[in-house]
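Just coords_36.json here, JSON, C-alpha atoms:
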```json
[["chain", "number", "residue", "atom", "x", "y", "z"],
["A", 721, "MET", "CA", 6.99, -22.73, -18.33],
["A", 722, "LEU", "CA", 4.83, -19.75, -17.53],
["A", 723, "ARG", "CA", 4.25, -18.92, -13.91],
["A", 724, "LYS", "CA", 1.70, -16.72, -12.22],
["A", 725, "SER", "CA", 3.08, -13.34, -11.16],
["A", 726, "ASN", "CA", 3.07, -12.98, -7.39],
["A", 727, "GLN", "CA", 3.46, -9.22, -7.63],
["A", 728, "ASN", "CA", -0.16, -8.69, -8.70],
["A", 729, "LYS", "CA", -1.37, -11.02, -5.95],
["A", 730, "LYS", "CA", 0.52, -8.94, -3.36],
["A", 731, "ILE", "CA", -1.05, -5.73, -4.71],
["A", 732, "TYR", "CA", -4.58, -7.19, -4.42],
["A", 733, "ILE", "CA", -3.95, -8.47, -0.89],
["A", 734, "GLY", "CA", -2.48, -5.05, 0.03],
["A", 735, "LEU", "CA", -5.60, -3.38, -1.36],
["A", 736, "ILE", "CA", -7.85, -5.63, 0.76],
["A", 737, "VAL", "CA", -5.79, -4.95, 3.91],
["A", 738, "LEU", "CA", -5.84, -1.19, 3.21],
["A", 739, "GLY", "CA", -9.60, -1.39, 2.68],
["A", 740, "ILE", "CA", -10.18, -3.24, 5.96],
["A", 741, "LEU", "CA", -8.00, -0.73, 7.84],
["A", 742, "SER", "CA", -9.93, 2.16, 6.25],
["A", 743, "ILE", "CA", -13.27, 0.60, 7.26],
["A", 744, "ILE", "CA", -12.05, 0.11, 10.86],
["A", 745, "PHE", "CA", -10.58, 3.64, 11.02],
["A", 746, "GLY", "CA", -13.69, 5.22, 9.46],
["A", 747, "THR", "CA", -16.07, 3.34, 11.78],
["A", 748, "VAL", "CA", -14.07, 4.09, 14.95],
["A", 749, "PHE", "CA", -13.49, 7.73, 13.92],
["A", 750, "GLN", "CA", -17.23, 8.10, 13.34],
["A", 751, "GLN", "CA", -17.93, 7.25, 17.00],
["A", 752, "TYR", "CA", -15.64, 10.04, 18.22],
["A", 753, "VAL", "CA", -17.06, 12.76, 15.95],
["A", 754, "GLU", "CA", -20.75, 11.92, 16.43],
["A", 755, "SER", "CA", -21.57, 15.57, 17.24],
["A", 756, "THR", "CA", -19.73, 17.06, 14.23],
["A", 757, "PRO", "CA", -21.68, 16.33, 11.01],
["A", 758, "ASN", "CA", -18.86, 17.34, 8.62],
["A", 759, "LEU", "CA", -16.28, 15.10, 10.29],
["A", 760, "LYS", "CA", -18.83, 12.31, 10.56],
["A", 761, "MET", "CA", -19.39, 12.58, 6.80],
["A", 762, "ILE", "CA", -15.63, 12.37, 6.17],
["A", 763, "ALA", "CA", -15.39, 9.31, 8.44],
["A", 764, "GLY", "CA", -18.23, 7.72, 6.47],
["A", 765, "MET", "CA", -16.44, 8.49, 3.22],
["A", 766, "ILE", "CA", -13.22, 6.86, 4.50],
["A", 767, "ALA", "CA", -15.16, 3.73, 5.47],
["A", 768, "GLY", "CA", -16.93, 3.78, 2.09],
["A", 769, "VAL", "CA", -13.68, 4.06, 0.15],
["A", 770, "GLY", "CA", -12.31, 1.20, 2.30],
["A", 771, "GLY", "CA", -15.31, -0.92, 1.33],
["A", 772, "ALA", "CA", -14.64, -0.17, -2.34],
["A", 773, "PHE", "CA", -10.96, -1.17, -1.93],
["A", 774, "VAL", "CA", -11.99, -4.49, -0.34],
["A", 775, "ALA", "CA", -14.51, -5.19, -3.11],
["A", 776, "ILE", "CA", -12.01, -4.35, -5.89],
["A", 777, "GLY", "CA", -9.26, -6.40, -4.17],
["A", 778, "VAL", "CA", -11.49, -9.45, -3.72],
["A", 779, "ILE", "CA", -12.81, -9.32, -7.30],
["A", 780, "ARG", "CA", -9.31, -8.92, -8.75],
["A", 781, "LEU", "CA", -7.97, -11.72, -6.53],
["A", 782, "ILE", "CA", -10.73, -14.13, -7.66],
["A", 783, "LYS", "CA", -10.07, -13.13, -11.29],
["A", 784, "PHE", "CA", -6.33, -13.67, -10.71],
["A", 785, "LYS", "CA", -6.89, -17.16, -9.26],
["A", 786, "LYS", "CA", -9.13, -18.15, -12.19],
["A", 787, "SER", "CA", -6.84, -16.76, -14.91],
["A", 788, "SER", "CA", -4.57, -19.08, -16.83],
["A", 789, "PRO", "CA", -0.79, -18.41, -16.69],
["A", 790, "GLU", "CA", -0.87, -17.53, -20.42],
["A", 791, "LYS", "CA", -3.53, -14.90, -19.88],
["A", 792, "LEU", "CA", -1.65, -13.47, -16.90],
["A", 793, "LYS", "CA", 1.53, -13.32, -18.96],
["A", 794, "ALA", "CA", -0.36, -11.44, -21.70],
["A", 795, "GLU", "CA", -1.70, -8.98, -19.10],
["A", 796, "GLU", "CA", 1.81, -8.50, -17.70],
["A", 797, "ILE", "CA", 3.17, -7.79, -21.19],
["A", 798, "GLU", "CA", 0.41, -5.20, -21.75],
["A", 799, "LEU", "CA", 1.36, -3.51, -18.47],
["A", 800, "LYS", "CA", 5.10, -3.51, -19.11],
["A", 801, "ASP", "CA", 4.90, -2.68, -22.81],
["A", 802, "GLU", "CA", 7.13, 0.37, -23.39],
["A", 803, "ARG", "CA", 4.75, 1.97, -25.90],
["A", 804, "ASN", "CA", 1.84, 1.63, -23.46],
["A", 805, "ILE", "CA", 4.00, 3.19, -20.72],
["A", 806, "GLN", "CA", 4.87, 6.12, -23.01],
["A", 807, "ILE", "CA", 1.20, 6.59, -23.93],
["A", 808, "LEU", "CA", 0.30, 6.56, -20.24],
["A", 809, "ARG", "CA", 3.00, 9.14, -19.39],
["A", 810, "ALA", "CA", 1.90, 11.44, -22.22],
["A", 811, "THR", "CA", -1.71, 11.10, -21.05],
["A", 812, "TYR", "CA", -0.73, 11.94, -17.46],
["A", 813, "SER", "CA", 1.04, 15.09, -18.73],
["A", 814, "VAL", "CA", -2.11, 16.21, -20.54],
["A", 815, "VAL", "CA", -4.25, 15.47, -17.45],
["A", 816, "ALA", "CA", -1.83, 17.42, -15.21],
["A", 817, "ALA", "CA", -1.92, 20.45, -17.52],
["A", 818, "ALA", "CA", -5.71, 20.20, -17.76],
["A", 819, "SER", "CA", -6.09, 19.99, -13.99],
["A", 820, "ILE", "CA", -4.18, 23.30, -13.53],
["A", 821, "LEU", "CA", -6.50, 24.89, -16.08],
["A", 822, "ILE", "CA", -9.56, 23.44, -14.30],
["A", 823, "PHE", "CA", -8.34, 24.82, -10.96],
["A", 824, "ALA", "CA", -7.82, 28.25, -12.58],
["A", 825, "ILE", "CA", -11.33, 28.21, -14.11],
["A", 826, "MET", "CA", -12.81, 27.09, -10.78],
["A", 827, "ALA", "CA", -10.97, 29.89, -8.93],
["A", 828, "PHE", "CA", -12.22, 32.44, -11.47],
["A", 829, "VAL", "CA", -15.84, 31.21, -11.22],
["A", 830, "PHE", "CA", -15.73, 31.13, -7.40],
["A", 831, "LEU", "CA", -14.33, 34.68, -7.33],
["A", 832, "LEU", "CA", -17.12, 35.86, -9.64],
["A", 833, "LEU", "CA", -19.69, 34.24, -7.35],
["A", 834, "ASP", "CA", -17.94, 35.77, -4.34],
["A", 835, "TYR", "CA", -17.28, 32.34, -2.79],
["A", 836, "MET", "CA", -13.97, 33.32, -1.25],
["A", 837, "VAL", "CA", -13.08, 30.11, 0.63],
["A", 838, "PRO", "CA", -13.55, 27.77, -2.37],
["A", 839, "ALA", "CA", -11.70, 30.33, -4.53],
["A", 840, "TRP", "CA", -8.71, 30.26, -2.20],
["A", 841, "ILE", "CA", -8.81, 26.46, -2.12],
["A", 842, "ALA", "CA", -8.74, 26.39, -5.94],
["A", 843, "ILE", "CA", -5.87, 28.92, -6.09],
["A", 844, "SER", "CA", -3.99, 26.90, -3.44],
["A", 845, "GLY", "CA", -4.54, 23.83, -5.63],
["A", 846, "ILE", "CA", -2.67, 25.54, -8.48],
["A", 847, "TYR", "CA", 0.24, 26.44, -6.18],
["A", 848, "VAL", "CA", 0.35, 22.89, -4.75],
["A", 849, "GLU", "CA", 0.48, 21.45, -8.29],
["A", 850, "VAL", "CA", 3.31, 23.81, -9.28],
["A", 851, "VAL", "CA", 5.28, 22.96, -6.11],
["A", 852, "ILE", "CA", 4.75, 19.20, -6.73],
["A", 853, "PHE", "CA", 5.94, 19.72, -10.31],
["A", 854, "PHE", "CA", 9.23, 21.31, -9.21],
["A", 855, "ILE", "CA", 9.83, 18.72, -6.46],
["A", 856, "ALA", "CA", 9.07, 15.82, -8.83],
["A", 857, "TYR", "CA", 11.28, 17.39, -11.54],
["A", 858, "LYS", "CA", 14.17, 17.73, -9.09],
["A", 859, "ILE", "CA", 13.82, 14.15, -7.76],
["A", 860, "ILE", "CA", 13.46, 12.62, -11.23],
["A", 861, "SER", "CA", 16.43, 14.69, -12.52],
["A", 862, "LEU", "CA", 18.61, 13.30, -9.73],
["A", 863, "LYS", "CA", 17.65, 9.75, -10.68],
["A", 864, "MET", "CA", 18.40, 10.14, -14.39],
["B", 973, "MET", "CA", 13.58, 7.08, -37.98],
["B", 974, "GLU", "CA", 12.88, 4.51, -40.67],
["B", 975, "ASN", "CA", 13.19, 0.77, -40.25],
["B", 976, "ARG", "CA", 13.11, -2.49, -42.16],
["B", 977, "LEU", "CA", 11.27, -4.40, -39.46],
["B", 978, "GLU", "CA", 8.27, -5.49, -41.56],
["B", 979, "GLU", "CA", 10.51, -6.62, -44.41],
["B", 980, "ILE", "CA", 12.82, -8.57, -42.07],
["B", 981, "ARG", "CA", 9.89, -10.09, -40.19],
["B", 982, "ASN", "CA", 8.34, -11.25, -43.46],
["B", 983, "GLU", "CA", 11.68, -12.73, -44.55],
["B", 984, "HIS", "CA", 11.69, -14.77, -41.34],
["B", 985, "GLY", "CA", 8.11, -15.89, -41.97],
["B", 986, "ILE", "CA", 6.65, -14.80, -38.67],
["B", 987, "ASN", "CA", 3.60, -12.68, -37.96],
["B", 988, "GLN", "CA", 3.35, -9.63, -35.70],
["B", 989, "GLU", "CA", 1.74, -11.64, -32.91],
["B", 990, "GLU", "CA", 4.62, -14.14, -32.81],
["B", 991, "LEU", "CA", 7.25, -11.41, -32.88],
["B", 992, "ALA", "CA", 5.46, -9.50, -30.13],
["B", 993, "LYS", "CA", 5.32, -12.62, -27.97],
["B", 994, "ALA", "CA", 9.03, -13.33, -28.51],
["B", 995, "LEU", "CA", 10.00, -9.75, -27.61],
["B", 996, "GLU", "CA", 7.47, -9.53, -24.76],
["B", 997, "VAL", "CA", 5.76, -6.43, -26.13],
["B", 998, "SER", "CA", 2.24, -5.86, -27.36],
["B", 999, "ARG", "CA", 1.25, -6.56, -30.97],
["B", 1000, "GLN", "CA", 0.30, -2.88, -31.31],
["B", 1001, "THR", "CA", 3.90, -1.92, -30.52],
["B", 1002, "ILE", "CA", 5.15, -4.07, -33.41],
["B", 1003, "SER", "CA", 2.53, -2.57, -35.69],
["B", 1004, "SER", "CA", 3.45, 1.01, -34.65],
["B", 1005, "LEU", "CA", 7.16, 0.26, -35.14],
["B", 1006, "GLU", "CA", 6.55, -1.09, -38.63],
["B", 1007, "ASN", "CA", 4.43, 1.91, -39.56],
["B", 1008, "GLY", "CA", 7.11, 4.27, -38.28],
["B", 1009, "ARG", "CA", 4.70, 5.85, -35.80],
["B", 1010, "TYR", "CA", 6.82, 4.77, -32.83],
["B", 1011, "ASN", "CA", 10.58, 4.69, -32.28],
["B", 1012, "PRO", "CA", 11.76, 1.94, -29.94],
["B", 1013, "SER", "CA", 13.86, 2.42, -26.83],
["B", 1014, "ILE", "CA", 17.48, 1.37, -27.17],
["B", 1015, "LEU", "CA", 16.65, -1.77, -25.12],
["B", 1016, "LEU", "CA", 13.86, -2.82, -27.47],
["B", 1017, "ALA", "CA", 16.04, -2.03, -30.49],
["B", 1018, "PHE", "CA", 18.72, -4.37, -29.08],
["B", 1019, "LYS", "CA", 16.13, -7.07, -28.35],
["B", 1020, "ILE", "CA", 14.85, -6.86, -31.93],
["B", 1021, "ALA", "CA", 18.38, -6.93, -33.37],
["B", 1022, "ARG", "CA", 19.35, -9.92, -31.22],
["B", 1023, "TYR", "CA", 16.16, -11.78, -32.10],
["B", 1024, "PHE", "CA", 16.94, -11.50, -35.81],
["B", 1025, "LYS", "CA", 20.71, -11.98, -35.21],
["B", 1026, "MET", "CA", 21.45, -8.67, -36.92],
["B", 1027, "SER", "CA", 22.92, -5.32, -35.92],
["B", 1028, "ILE", "CA", 20.67, -2.42, -34.97],
["B", 1029, "GLU", "CA", 21.88, -0.47, -38.01],
["B", 1030, "GLN", "CA", 20.73, -3.27, -40.32],
["B", 1031, "ILE", "CA", 17.17, -2.83, -39.04],
["B", 1032, "PHE", "CA", 16.87, 0.81, -38.07],
["B", 1033, "ILE", "CA", 17.96, 3.59, -40.40],
["B", 1034, "TYR", "CA", 18.95, 6.81, -38.70],
["B", 1035, "GLU", "CA", 19.35, 9.85, -40.90],
["B", 1036, "GLU", "CA", 20.40, 13.18, -39.48],
["B", 1037, "GLU", "CA", 18.18, 16.00, -40.70]]
```
Starting from the file, give its structure as structure tokens.
Amino acid sequence: MLRKSNQNKKIYIGLIVLGILSIIFGTVFQQYVESTPNLKMIAGMIAGVGGAFVAIGVIRLIKFKKSSPEKLKAEEIELKDERNIQILRATYSVVAAASILIFAIMAFVFLLLDYMVPAWIAISGIYVEVVIFFIAYKIISLKM
Amino acid sequence: MENRLEEIRNEHGINQEELAKALEVSRQTISSLENGRYNPSILLAFKIARYFKMSIEQIFIYEEE
């Protein structure tokens, strides 16, 4: 007998809760930074992202409730399929390498345009990625 | 690594979809395995061998280069 996976349901509920918390935080934060436009914009973005989380969570939860156990099982198999996981990992590797290249190009372009702050942010991005790589490598090595 | 998966599956009279369902993998994984584009993990190799009541070596052929 096929049963509905409760794990997905928990993820969707978690997404809704996170979204609601983001909306509350963004709205409250906005009141405190009324006089600072940049911070107000960030607060608005946090609330906006929260709204998106709630919408995605609600839609996925409704879809989950309406799906048959067979369809859910098929979705679960697609998610856990070892070939799909390997494809996903290989894709992430390509994206990670591409993102370092994009940061480098951005830094170069910003330097040419004499935008020093964005250039430093882009260069810092490269360093952060390299540091994350070594930390992740170390942690994953210890687990395997 | 070569394998006899398609041949064995045909001998058992089941299609890719049925085998995929039994092994809890996607149909594309079975197709890739049969075409030799993808090598299974040791866990999947065991699952396949147990499903057909055979040894791994009877299905997968490993040749050192």
Segment 739-748 of chain A surroundings by all atoms listed in the file, 10 Å radius, close-in-sequence under 3 positions cut, as an MDAnalysis selection string: chainID A and resid 733:736 751:753 760:777
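Nearest to chain B of all the residues A:Arg803, A:Arg780, A:Lys730, A:Lys793 is A:Arg803, counting all atoms listed in the file.
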Counting all atoms listed in the file, chain B residues within 12 Å of chain A, as a list in words: Glu989, Ala992, Lys993, Ala994, Leu995, Glu996, Val997, Ser998, Arg999, Gln1000, Thr1001, Ile1002, Ser1003, Ser1004, Leu1005, Arg1009, Tyr1010, Asn1011, Pro1012, Ser1013, Ile1014, Leu1015, Leu1016 and Ala1017 of chain B
Point (16.5, -11.0, -37.7) neighbourhood (12 Å, all atoms listed in the file) written as a list in words: Arg976, Leu977, Glu978, Glu979, Ile980, Arg981, Asn982, Glu983, His984, Gly985, Ile986, Leu991, Ala1017, Phe1018, Lys1019, Ile1020, Ala1021, Arg1022, Tyr1023, Phe1024, Lys1025, Met1026, Ser1027, Ile1028, Glu1029, Gln1030, Ile1031 and Phe1032 of chain B
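Between atom CA of Phe854 of chain A and atom CA of Ile825 of chain A there is a distance of 22.2 Å.
Between atom CA of Gly845 of chain A and atom CA of Ile822 of chain A the interatomic distance comes to 10.0 Å.
With atom CA of Tyr1034 of chain B on one side and atom CA of Ile805 of chain A on the other, the separation reads 23.7 Å.
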Shell of 8 Å around segment 826-831 of chain A, all atoms listed in the file, local chain residues under 6 positions omitted, as a PyMOL selection string: chain A and resi 838-843
